[in-house]
There are 2 protein chains.
Amino acid sequence: MSVIVVGSMAFDDIETPFGKSNKIIGGAGTYIAYAATHFVRPVKQVSVVGYDFPTEELDELCTRGVNIEAVEVIPDRKSFFWAGKYHLDMNTRDTLVTELNVLGDFKPVIPESYQGAEFLMLGNLAPAVQLSVINQLQVRPKLIALDTMNFWMDVALPELEEVIRKIDVLLVNDSEARQLTAEYSLVKAAKKILTMGPKFLIIKKGEHGALLFHANKVFMAPALPLDEVFDPTGAGDTFAGGFIGHLAKTGDISFENMKTAIIMGSALASFCVEKFGTTRLKEITKEDISERVQQFKELTNYQIEI
Amino acid sequence: MSVIVVGSMAFDDIETPFGKSNKIIGGAGTYIAYAATHFVRPVKQVSVVGYDFPTEELDELCTRGVNIEAVEVIPDRKSFFWAGKYHLDMNTRDTLVTELNVLGDFKPVIPESYQGAEFLMLGNLAPAVQLSVINQLQVRPKLIALDTMNFWMDVALPELEEVIRKIDVLLVNDSEARQLTAEYSLVKAAKKILTMGPKFLIIKKGEHGALLFHANKVFMAPALPLDEVFDPTGAGDTFAGGFIGHLAKTGDISFENMKTAIIMGSALASFCVEKFGTTRLKEITKEDISERVQQFKELTNYQIEI
C-alpha cells in the first residue's frame, strides 16, 4: 500500500554532552521518510526546502525509495534551521536558534500522482498545514496519523482540535497528552483524547516506552534500555516513520497490528539515537532490525501461570 | 519455604490531592508482610513498635499468617511516625514530620525459631541494622533481597556498601541507582551495581514499571496504567513483598522466575495505591490477584513475525 508523508526537511545543529554535530540534515519529514522506507516504498514525500538543501540528500532519498515530486525547492530562500543543546539528562533541551525560512509559509500541494494513497502520516507542523493536506485528498486515506507538539497547543489550539477531529491516530508525548486534556492521569487523558476524534492514541514516553490506547484497550511497548543515548533528535519522528511504514506494508490497521507497528517504530527509534542525525537510519539493514525486534521481544517476555 | 521480613511498623499521616488519611498504620515492614502473605505463610516478621501500636493490628497480622515473635513492643515509647504530603503529580512528596521514636535505636534480635529461613527481605532501614540481621543468621539464606533509599546513600554510604556486598537482590528506584553509581544511564548504573555484590538488580520506576538486570540480561516489567493513583505510600514496599512472597512460595530463584515475581510485585503494588495505607492489601483475594496479573499479561502481549 502507499503512504504520503508530510513533514519538514531541514538543517539541525545539535549539541549533546557527547559532542557537536555541526550543521546536519534533519527535519521530521526526513526522519519519518528514512524510517518508513525500511518497510514500504515508495514513500510519497511532501515538504519544502530552500536552495541550500543538498542535491545529494535528495538523490539519497530517491535512491531509498522516496518520491520527492511534492518536495518543493524554493530557489531564493533558505531551508528551515534549528539549533539546540541537550542537557546532561538528554531528556530536556534548550532551543538556541529557530529560523523558519521556507517553512514559514509552506503551502503543500498534493500532486495527482499522490492521490489514492491509503496511508497518510502528518509529521509535526502547523495544524493548518496538516489540515490543508487532508482537505486536498480526493479519497480519504484508510488511516491518517498525526504527530504534533506542545507549541501548537499554545499558539493554535482551535486549529489543532479541528485537524485532530479528522484523524485516526494521534501521536503525542506524555506531557503533551496532559496539556491537551488538563488531566494528569494518562489514562484519563487518553479517554478524553479518544472522544476528540482519533480512534487510536499513542503516548510516547521516551526512555519509558510508549502506550497505545484504543477503545477500552491499552498496550505498553517498552523502550530498549540503552547504554548511551548519543543524540535523541528525531527519535519521535523515526518512531512515527517505523509505525506508519509497518502499517502501510501490511495494510492491516487492527489494534493487534498496531502493537507490532509500535514495536517496529520503537526498534527504529532505538537505532536513531545511536549517532547524530539520520546516520543510523541509512546504515541499518533488515537483519539489524530483525535482531533489534528480537531484543524487544526478550525484554518483556515472561511465562506466568495464573 | 520460609521468609524473614525486616522492616518498620509505624504510623503514617498522609495528605494527597484526594484527601487526608489521618493517622493510619504504615511502615515498610507492614506493607511487605501484608503483601507477602498473599503468597507464603508464615512470614517471620522482625520489627519494633511502641505502646501506641494497636493490638488489633498485631492480631490482624497474626491472623493473616505473620509470625510476630520478633516484633518487639517497647512499653514506654511511641512507634515510628511519618507525615507527608504528595504533590499534584503524586510522584513527589514533602515530608512534614519524621519521629523515629522506637526506630531510633532498633536492635533487631533474630529468635532461634526464625533460623534456617531460606529467604530474607530487608526492608528500607539503616544499613547497620540490615547488616546486623544478616550477621545473626547461622545459615546464609538462599536469597537475600534488600531495599534502601537515597537517605542512606547520603548519611551512611560505607555501611550501605558493606551490606550491599552481602546480598543477592538490590531494589532501588531510578534516581537512587543513579546516585549510587554516579551514572545517568540506567544500563551503565546497573552494570556497576552488579559488580558491587548483588547478582540481581531491580530498578523501580513507579508508573513506568520496573527493570530487572542480571548478568547481561534485562527484563522490563510494565506498570498498569491507572485511572487514579489514590495514595502511592507503600507501593515500593508492597512490590518488594509480592516479589519475595512469590520467590519464597516457589523456591525458584532463576532469572525466569524473578520475572514472574516482579509481575506479582507489580500487581500487588497496583492494588496498594488504590486506597489509603494497607486497606487494599487486606481486601484483595486470590481471584483479584489472578485477574490483575492477567491484565498485566495483556498489557505487553503482542505477536510479531521476525
# chains A, B, ... in the order shown; residues from 1 in each chain; ligands from 1
call {"tool": "residues_around", "arguments": {"residues": "range 208-220 of chain B", "least_positions_apart": "3", "cutoff": "8 Å", "atoms": "only C-alpha atoms", "output": "list in words"}}
result
His208, Pro222, Glu298, Leu299, Thr300 and Asn301 of chain A; Ala190, Leu194, Lys199, Phe200, Leu201, Ile202, Ile203, Lys204, Lys205, Ala223, Leu224, Phe255, Lys259, Ile262 and Ser266 of chain B
call {"tool": "select_by_dssp", "arguments": {"residues": "range 51-224 of chain B", "states": "strand (DSSP E or B)", "output": "PyMOL selection string"}}
result
chain B and resi 66-74+80-86+93-99+119-122+143-147+169-173+200-204+210-214+217-221
call {"tool": "closest_residue", "arguments": {"among": "A:Gly123, A:Met258, A:Phe106, A:Ile24", "to": "Val172 in chain A", "atoms": "only C-alpha atoms"}}
result
A:Gly123
call {"tool": "closest_residue", "arguments": {"among": "A:Leu281, A:Ile193, A:Met90, A:Val133", "to": "chain B", "atoms": "only C-alpha atoms"}}
result
A:Met90
call {"tool": "atom_distance", "arguments": {"atom1": "CA of Leu137 in chain A", "atom2": "CA of Ile253 in chain A"}}
result
19.6 Å
call {"tool": "atom_distance", "arguments": {"atom1": "CA of Asp288 in chain B", "atom2": "CA of Arg93 in chain B"}}
result
29.4 Å
call {"tool": "atom_distance", "arguments": {"atom1": "CA of Ser254 in chain B", "atom2": "CA of Lys188 in chain B"}}
result
22.8 Å
call {"tool": "closest_residue", "arguments": {"among": "A:Glu183, A:Glu15, A:Glu283, A:Asp89", "to": "chain B", "atoms": "only C-alpha atoms"}}
result
A:Asp89
call {"tool": "closest_residue", "arguments": {"among": "B:Pro17, B:Pro225, B:Gly265, B:Pro232", "to": "chain A", "atoms": "only C-alpha atoms"}}
result
B:Pro225
call {"tool": "residues_around", "arguments": {"residues": "Gly251 in chain A", "least_positions_apart": "5", "cutoff": "12 Å", "atoms": "only C-alpha atoms", "output": "mmCIF file with N, CA, C and O atoms, in the first residue's frame"}}
result
data_model
loop_
_atom_site.group_PDB
_atom_site.id
_atom_site.type_symbol
_atom_site.label_atom_id
_atom_site.label_comp_id
_atom_site.auth_asym_id
_atom_site.auth_seq_id
_atom_site.Cartn_x
_atom_site.Cartn_y
_atom_site.Cartn_z
ATOM 1 N N MET A 1 0.850 -1.182 0.000
ATOM 2 C CA MET A 1 0.000 0.000 0.000
ATOM 3 C C MET A 1 0.892 1.241 0.000
ATOM 4 O O MET A 1 2.054 1.167 0.368
ATOM 5 N N SER A 2 0.317 2.370 -0.365
ATOM 6 C CA SER A 2 1.199 3.527 -0.457
ATOM 7 C C SER A 2 0.914 4.547 0.633
ATOM 8 O O SER A 2 -0.179 4.618 1.190
ATOM 9 N N VAL A 3 1.947 5.324 0.948
ATOM 10 C CA VAL A 3 1.875 6.216 2.092
ATOM 11 C C VAL A 3 2.377 7.607 1.702
ATOM 12 O O VAL A 3 3.380 7.742 0.989
ATOM 13 N N PHE A 39 10.309 -0.242 5.405
ATOM 14 C CA PHE A 39 9.137 -1.116 5.368
ATOM 15 C C PHE A 39 8.370 -1.038 4.056
ATOM 16 O O PHE A 39 7.829 -2.026 3.597
ATOM 17 N N VAL A 40 8.299 0.165 3.479
ATOM 18 C CA VAL A 40 7.419 0.352 2.323
ATOM 19 C C VAL A 40 8.045 1.364 1.348
ATOM 20 O O VAL A 40 8.670 2.346 1.775
ATOM 21 N N ALA A 117 -3.566 7.424 -2.073
ATOM 22 C CA ALA A 117 -2.716 6.761 -1.082
ATOM 23 C C ALA A 117 -3.570 6.284 0.092
ATOM 24 O O ALA A 117 -4.488 6.981 0.524
ATOM 25 N N GLU A 118 -3.265 5.103 0.592
ATOM 26 C CA GLU A 118 -4.081 4.520 1.676
ATOM 27 C C GLU A 118 -3.678 5.022 3.059
ATOM 28 O O GLU A 118 -4.444 4.933 4.007
ATOM 29 N N PHE A 119 -2.422 5.497 3.148
ATOM 30 C CA PHE A 119 -1.927 5.927 4.469
ATOM 31 C C PHE A 119 -1.372 7.340 4.389
ATOM 32 O O PHE A 119 -0.709 7.695 3.410
ATOM 33 N N PRO A 141 -7.816 8.694 3.063
ATOM 34 C CA PRO A 141 -6.972 7.515 3.278
ATOM 35 C C PRO A 141 -7.614 6.556 4.278
ATOM 36 O O PRO A 141 -8.452 6.950 5.098
ATOM 37 N N LYS A 142 -7.173 5.316 4.193
ATOM 38 C CA LYS A 142 -7.637 4.295 5.131
ATOM 39 C C LYS A 142 -7.241 4.663 6.559
ATOM 40 O O LYS A 142 -7.966 4.370 7.509
ATOM 41 N N LEU A 143 -6.093 5.307 6.688
ATOM 42 C CA LEU A 143 -5.621 5.689 8.024
ATOM 43 C C LEU A 143 -4.825 6.987 7.961
ATOM 44 O O LEU A 143 -3.910 7.122 7.158
ATOM 45 N N PHE A 243 6.379 3.192 12.480
ATOM 46 C CA PHE A 243 4.981 2.847 12.771
ATOM 47 C C PHE A 243 4.149 2.852 11.490
ATOM 48 O O PHE A 243 3.524 1.864 11.125
ATOM 49 N N ILE A 244 4.180 3.981 10.783
ATOM 50 C CA ILE A 244 3.333 4.093 9.584
ATOM 51 C C ILE A 244 3.868 3.168 8.483
ATOM 52 O O ILE A 244 3.089 2.602 7.699
ATOM 53 N N GLY A 245 5.191 2.999 8.445
ATOM 54 C CA GLY A 245 5.790 2.108 7.447
ATOM 55 C C GLY A 245 5.290 0.678 7.591
ATOM 56 O O GLY A 245 4.892 0.040 6.618
ATOM 57 N N HIS A 246 5.289 0.187 8.823
ATOM 58 C CA HIS A 246 4.813 -1.182 9.044
ATOM 59 C C HIS A 246 3.333 -1.314 8.701
ATOM 60 O O HIS A 246 2.914 -2.303 8.092
ATOM 61 N N ASN A 257 -2.269 -5.338 15.102
ATOM 62 C CA ASN A 257 -1.164 -4.984 14.202
ATOM 63 C C ASN A 257 -0.534 -3.644 14.567
ATOM 64 O O ASN A 257 0.634 -3.414 14.285
ATOM 65 N N MET A 258 -1.324 -2.780 15.182
ATOM 66 C CA MET A 258 -0.733 -1.506 15.635
ATOM 67 C C MET A 258 0.299 -1.754 16.725
ATOM 68 O O MET A 258 1.286 -1.027 16.835
ATOM 69 N N ALA A 261 3.326 -2.521 14.955
ATOM 70 C CA ALA A 261 3.840 -1.300 14.332
ATOM 71 C C ALA A 261 4.578 -0.442 15.354
ATOM 72 O O ALA A 261 5.594 0.192 15.038
#
call {"tool": "residues_around", "arguments": {"residues": "Met149 in chain A", "least_positions_apart": "5", "cutoff": "12 Å", "atoms": "only C-alpha atoms", "output": "JSON, numbers by chain"}}
result
{"A": [28, 123, 124, 125, 126, 127, 154, 155, 156, 157, 160, 170, 171, 172, 173, 174, 175, 176, 177, 178, 179, 180, 203, 204, 236, 237]}
call {"tool": "select_by_dssp", "arguments": {"residues": "range 35-184 of chain B", "states": "helix (DSSP H, G or I)", "output": "PDB file with C-alpha atoms, in the first residue's frame"}}
result
ATOM      1  CA  ALA B  35       1.810  -8.356  50.502  1.00  0.00           C
ATOM      2  CA  ALA B  36       3.950 -11.445  51.084  1.00  0.00           C
ATOM      3  CA  THR B  55      -3.048  -4.765  69.454  1.00  0.00           C
ATOM      4  CA  GLU B  56      -5.792  -5.266  66.864  1.00  0.00           C
ATOM      5  CA  GLU B  57      -3.296  -4.678  64.058  1.00  0.00           C
ATOM      6  CA  LEU B  58      -0.879  -7.210  65.546  1.00  0.00           C
ATOM      7  CA  ASP B  59      -3.766  -9.666  65.824  1.00  0.00           C
ATOM      8  CA  GLU B  60      -4.723  -8.983  62.210  1.00  0.00           C
ATOM      9  CA  LEU B  61      -1.159  -9.678  61.094  1.00  0.00           C
ATOM     10  CA  CYS B  62      -1.147 -12.959  63.041  1.00  0.00           C
ATOM     11  CA  THR B  63      -4.472 -13.984  61.546  1.00  0.00           C
ATOM     12  CA  ASN B 101      10.783   7.100  68.337  1.00  0.00           C
ATOM     13  CA  VAL B 102      11.378   3.332  68.864  1.00  0.00           C
ATOM     14  CA  LEU B 103      13.039   3.022  65.442  1.00  0.00           C
ATOM     15  CA  GLY B 104      15.885   5.309  66.560  1.00  0.00           C
ATOM     16  CA  ASP B 105      17.717   2.564  68.420  1.00  0.00           C
ATOM     17  CA  GLU B 112      16.013 -19.302  67.290  1.00  0.00           C
ATOM     18  CA  SER B 113      12.703 -20.188  65.638  1.00  0.00           C
ATOM     19  CA  TYR B 114      13.492 -17.902  62.660  1.00  0.00           C
ATOM     20  CA  PRO B 127      22.230  -0.291  56.676  1.00  0.00           C
ATOM     21  CA  ALA B 128      23.829  -1.181  60.024  1.00  0.00           C
ATOM     22  CA  VAL B 129      20.510  -2.641  61.178  1.00  0.00           C
ATOM     23  CA  GLN B 130      20.145  -4.594  57.945  1.00  0.00           C
ATOM     24  CA  LEU B 131      23.693  -5.890  58.347  1.00  0.00           C
ATOM     25  CA  SER B 132      23.139  -6.992  61.934  1.00  0.00           C
ATOM     26  CA  VAL B 133      20.279  -9.213  60.784  1.00  0.00           C
ATOM     27  CA  ILE B 134      22.422 -10.903  58.150  1.00  0.00           C
ATOM     28  CA  ASN B 135      25.165 -11.450  60.735  1.00  0.00           C
ATOM     29  CA  GLN B 136      22.768 -13.116  63.169  1.00  0.00           C
ATOM     30  CA  ASN B 150      18.767   7.864  48.873  1.00  0.00           C
ATOM     31  CA  PHE B 151      18.804   8.970  52.532  1.00  0.00           C
ATOM     32  CA  TRP B 152      21.217   6.141  53.440  1.00  0.00           C
ATOM     33  CA  MET B 153      23.407   6.972  50.451  1.00  0.00           C
ATOM     34  CA  ASP B 154      23.694  10.482  51.880  1.00  0.00           C
ATOM     35  CA  VAL B 155      24.376   9.631  55.517  1.00  0.00           C
ATOM     36  CA  LEU B 157      27.239   5.146  52.340  1.00  0.00           C
ATOM     37  CA  PRO B 158      30.118   2.974  53.667  1.00  0.00           C
ATOM     38  CA  GLU B 159      27.724   0.854  55.748  1.00  0.00           C
ATOM     39  CA  LEU B 160      25.315   0.643  52.810  1.00  0.00           C
ATOM     40  CA  GLU B 161      28.105  -0.527  50.516  1.00  0.00           C
ATOM     41  CA  GLU B 162      29.111  -3.103  53.108  1.00  0.00           C
ATOM     42  CA  VAL B 163      25.640  -4.622  53.371  1.00  0.00           C
ATOM     43  CA  ILE B 164      25.136  -4.446  49.590  1.00  0.00           C
ATOM     44  CA  ASP B 174      15.913   5.048  39.175  1.00  0.00           C
ATOM     45  CA  SER B 175      17.266   8.164  40.865  1.00  0.00           C
ATOM     46  CA  GLU B 176      18.795   6.050  43.629  1.00  0.00           C
ATOM     47  CA  ALA B 177      20.520   3.792  41.086  1.00  0.00           C
ATOM     48  CA  ARG B 178      21.959   6.937  39.512  1.00  0.00           C
ATOM     49  CA  GLN B 179      23.052   8.381  42.860  1.00  0.00           C
ATOM     50  CA  LEU B 180      24.706   5.143  43.973  1.00  0.00           C
ATOM     51  CA  THR B 181      26.824   4.900  40.820  1.00  0.00           C
TER      52      THR B 181
END
call {"tool": "residues_around", "arguments": {"residues": "range 42-50 of chain B", "least_positions_apart": "2", "cutoff": "7 Å", "atoms": "only C-alpha atoms", "output": "PyMOL selection string"}}
result
chain B and resi 2-9+33+37+40+52-53+65-68+70-75+77-79+102-103+106+108+114
call {"tool": "write_last_selection", "arguments": {"atoms": "N, CA and C atoms", "output": "PDB file, in the first residue's frame"}}
result
ATOM      1  N   SER B   2      10.422 -20.694  53.844  1.00  0.00           N
ATOM      2  CA  SER B   2      10.047 -19.646  54.792  1.00  0.00           C
ATOM      3  C   SER B   2      10.858 -18.375  54.577  1.00  0.00           C
ATOM      4  N   VAL B   3      10.262 -17.274  54.966  1.00  0.00           N
ATOM      5  CA  VAL B   3      10.836 -15.965  54.672  1.00  0.00           C
ATOM      6  C   VAL B   3      10.851 -15.093  55.932  1.00  0.00           C
ATOM      7  N   ILE B   4      11.967 -14.422  56.133  1.00  0.00           N
ATOM      8  CA  ILE B   4      12.067 -13.425  57.197  1.00  0.00           C
ATOM      9  C   ILE B   4      11.914 -12.039  56.563  1.00  0.00           C
ATOM     10  N   VAL B   5      11.066 -11.222  57.150  1.00  0.00           N
ATOM     11  CA  VAL B   5      10.893  -9.839  56.683  1.00  0.00           C
ATOM     12  C   VAL B   5      11.333  -8.892  57.798  1.00  0.00           C
ATOM     13  N   VAL B   6      12.223  -7.973  57.465  1.00  0.00           N
ATOM     14  CA  VAL B   6      12.675  -6.979  58.430  1.00  0.00           C
ATOM     15  C   VAL B   6      12.240  -5.603  57.932  1.00  0.00           C
ATOM     16  N   GLY B   7      11.567  -4.843  58.773  1.00  0.00           N
ATOM     17  CA  GLY B   7      11.156  -3.513  58.317  1.00  0.00           C
ATOM     18  C   GLY B   7      10.369  -2.788  59.382  1.00  0.00           C
ATOM     19  N   SER B   8      10.189  -1.496  59.175  1.00  0.00           N
ATOM     20  CA  SER B   8       9.485  -0.675  60.155  1.00  0.00           C
ATOM     21  C   SER B   8       7.999  -0.989  60.178  1.00  0.00           C
ATOM     22  N   MET B   9       7.415  -0.824  61.363  1.00  0.00           N
ATOM     23  CA  MET B   9       5.959  -0.864  61.508  1.00  0.00           C
ATOM     24  C   MET B   9       5.623   0.440  62.209  1.00  0.00           C
ATOM     25  N   ALA B  33       4.914  -7.357  54.684  1.00  0.00           N
ATOM     26  CA  ALA B  33       4.302  -8.547  55.286  1.00  0.00           C
ATOM     27  C   ALA B  33       2.913  -8.821  54.710  1.00  0.00           C
ATOM     28  N   THR B  37       2.114 -12.267  52.498  1.00  0.00           N
ATOM     29  CA  THR B  37       1.212 -13.327  52.967  1.00  0.00           C
ATOM     30  C   THR B  37       0.212 -13.776  51.903  1.00  0.00           C
ATOM     31  N   VAL B  40       2.869 -16.637  50.688  1.00  0.00           N
ATOM     32  CA  VAL B  40       3.557 -17.586  51.552  1.00  0.00           C
ATOM     33  C   VAL B  40       3.226 -17.291  53.018  1.00  0.00           C
ATOM     34  N   ASP B  52       1.862   2.466  71.594  1.00  0.00           N
ATOM     35  CA  ASP B  52       0.683   3.001  70.909  1.00  0.00           C
ATOM     36  C   ASP B  52       0.254   2.187  69.698  1.00  0.00           C
ATOM     37  N   PHE B  53       1.037   1.168  69.330  1.00  0.00           N
ATOM     38  CA  PHE B  53       0.677   0.383  68.146  1.00  0.00           C
ATOM     39  C   PHE B  53      -0.482  -0.537  68.519  1.00  0.00           C
ATOM     40  N   GLY B  65      -1.208 -14.771  58.956  1.00  0.00           N
ATOM     41  CA  GLY B  65      -0.044 -15.648  58.784  1.00  0.00           C
ATOM     42  C   GLY B  65       1.284 -14.983  59.038  1.00  0.00           C
ATOM     43  N   VAL B  66       1.276 -13.863  59.752  1.00  0.00           N
ATOM     44  CA  VAL B  66       2.546 -13.227  60.086  1.00  0.00           C
ATOM     45  C   VAL B  66       2.948 -13.652  61.502  1.00  0.00           C
ATOM     46  N   ASN B  67       4.137 -14.193  61.621  1.00  0.00           N
ATOM     47  CA  ASN B  67       4.694 -14.571  62.920  1.00  0.00           C
ATOM     48  C   ASN B  67       5.327 -13.309  63.531  1.00  0.00           C
ATOM     49  N   ILE B  68       4.800 -12.853  64.666  1.00  0.00           N
ATOM     50  CA  ILE B  68       5.299 -11.585  65.230  1.00  0.00           C
ATOM     51  C   ILE B  68       6.199 -11.807  66.457  1.00  0.00           C
ATOM     52  N   ALA B  70       9.277 -11.829  66.691  1.00  0.00           N
ATOM     53  CA  ALA B  70      10.386 -10.870  66.742  1.00  0.00           C
ATOM     54  C   ALA B  70       9.932  -9.437  66.453  1.00  0.00           C
ATOM     55  N   VAL B  71       8.671  -9.170  66.726  1.00  0.00           N
ATOM     56  CA  VAL B  71       8.215  -7.777  66.692  1.00  0.00           C
ATOM     57  C   VAL B  71       8.237  -7.271  68.140  1.00  0.00           C
ATOM     58  N   GLU B  72       9.270  -6.539  68.470  1.00  0.00           N
ATOM     59  CA  GLU B  72       9.453  -6.080  69.835  1.00  0.00           C
ATOM     60  C   GLU B  72       8.465  -4.942  70.143  1.00  0.00           C
ATOM     61  N   VAL B  73       7.839  -5.004  71.305  1.00  0.00           N
ATOM     62  CA  VAL B  73       6.962  -3.910  71.729  1.00  0.00           C
ATOM     63  C   VAL B  73       7.632  -3.181  72.896  1.00  0.00           C
ATOM     64  N   ILE B  74       7.938  -1.914  72.704  1.00  0.00           N
ATOM     65  CA  ILE B  74       8.592  -1.123  73.755  1.00  0.00           C
ATOM     66  C   ILE B  74       7.499  -0.420  74.551  1.00  0.00           C
ATOM     67  N   PRO B  75       7.349  -0.783  75.817  1.00  0.00           N
ATOM     68  CA  PRO B  75       6.166  -0.347  76.568  1.00  0.00           C
ATOM     69  C   PRO B  75       6.097   1.162  76.850  1.00  0.00           C
ATOM     70  N   ARG B  77       7.523   3.762  74.992  1.00  0.00           N
ATOM     71  CA  ARG B  77       7.867   4.689  73.914  1.00  0.00           C
ATOM     72  C   ARG B  77       6.864   4.582  72.781  1.00  0.00           C
ATOM     73  N   LYS B  78       6.937   5.566  71.914  1.00  0.00           N
ATOM     74  CA  LYS B  78       5.979   5.613  70.810  1.00  0.00           C
ATOM     75  C   LYS B  78       6.529   4.926  69.548  1.00  0.00           C
ATOM     76  N   SER B  79       5.634   4.541  68.666  1.00  0.00           N
ATOM     77  CA  SER B  79       6.009   3.950  67.375  1.00  0.00           C
ATOM     78  C   SER B  79       6.546   5.029  66.438  1.00  0.00           C
ATOM     79  N   VAL B 102      10.744   4.650  68.615  1.00  0.00           N
ATOM     80  CA  VAL B 102      11.378   3.332  68.864  1.00  0.00           C
ATOM     81  C   VAL B 102      12.356   2.904  67.778  1.00  0.00           C
ATOM     82  N   LEU B 103      12.186   3.455  66.552  1.00  0.00           N
ATOM     83  CA  LEU B 103      13.039   3.022  65.442  1.00  0.00           C
ATOM     84  C   LEU B 103      14.463   3.574  65.596  1.00  0.00           C
ATOM     85  N   PHE B 106      16.690   0.833  67.166  1.00  0.00           N
ATOM     86  CA  PHE B 106      16.190  -0.520  66.869  1.00  0.00           C
ATOM     87  C   PHE B 106      17.368  -1.492  66.727  1.00  0.00           C
ATOM     88  N   PRO B 108      17.452  -5.276  66.167  1.00  0.00           N
ATOM     89  CA  PRO B 108      16.673  -6.497  65.969  1.00  0.00           C
ATOM     90  C   PRO B 108      17.395  -7.729  66.529  1.00  0.00           C
ATOM     91  N   TYR B 114      13.395 -18.490  64.010  1.00  0.00           N
ATOM     92  CA  TYR B 114      13.492 -17.902  62.660  1.00  0.00           C
ATOM     93  C   TYR B 114      14.684 -18.471  61.889  1.00  0.00           C
TER      94      TYR B 114
END
call {"tool": "closest_residue", "arguments": {"among": "B:Met264, B:Ala189, B:Ile25, B:Leu247", "to": "Asp227 in chain A", "atoms": "only C-alpha atoms"}}
result
B:Ala189
call {"tool": "residues_around", "arguments": {"residues": "Asp12 in chain B", "least_positions_apart": "4", "cutoff": "7 Å", "atoms": "only C-alpha atoms", "output": "list in words"}}
result
Lys23, Ile24, Ile25, Gly26, Phe81, Trp82 and Ala83 of chain B
call {"tool": "residues_around", "arguments": {"residues": "Lys85 in chain A", "least_positions_apart": "5", "cutoff": "9 Å", "atoms": "only C-alpha atoms", "output": "ChimeraX atom specification"}}
result
/A:13-17,20,92-96
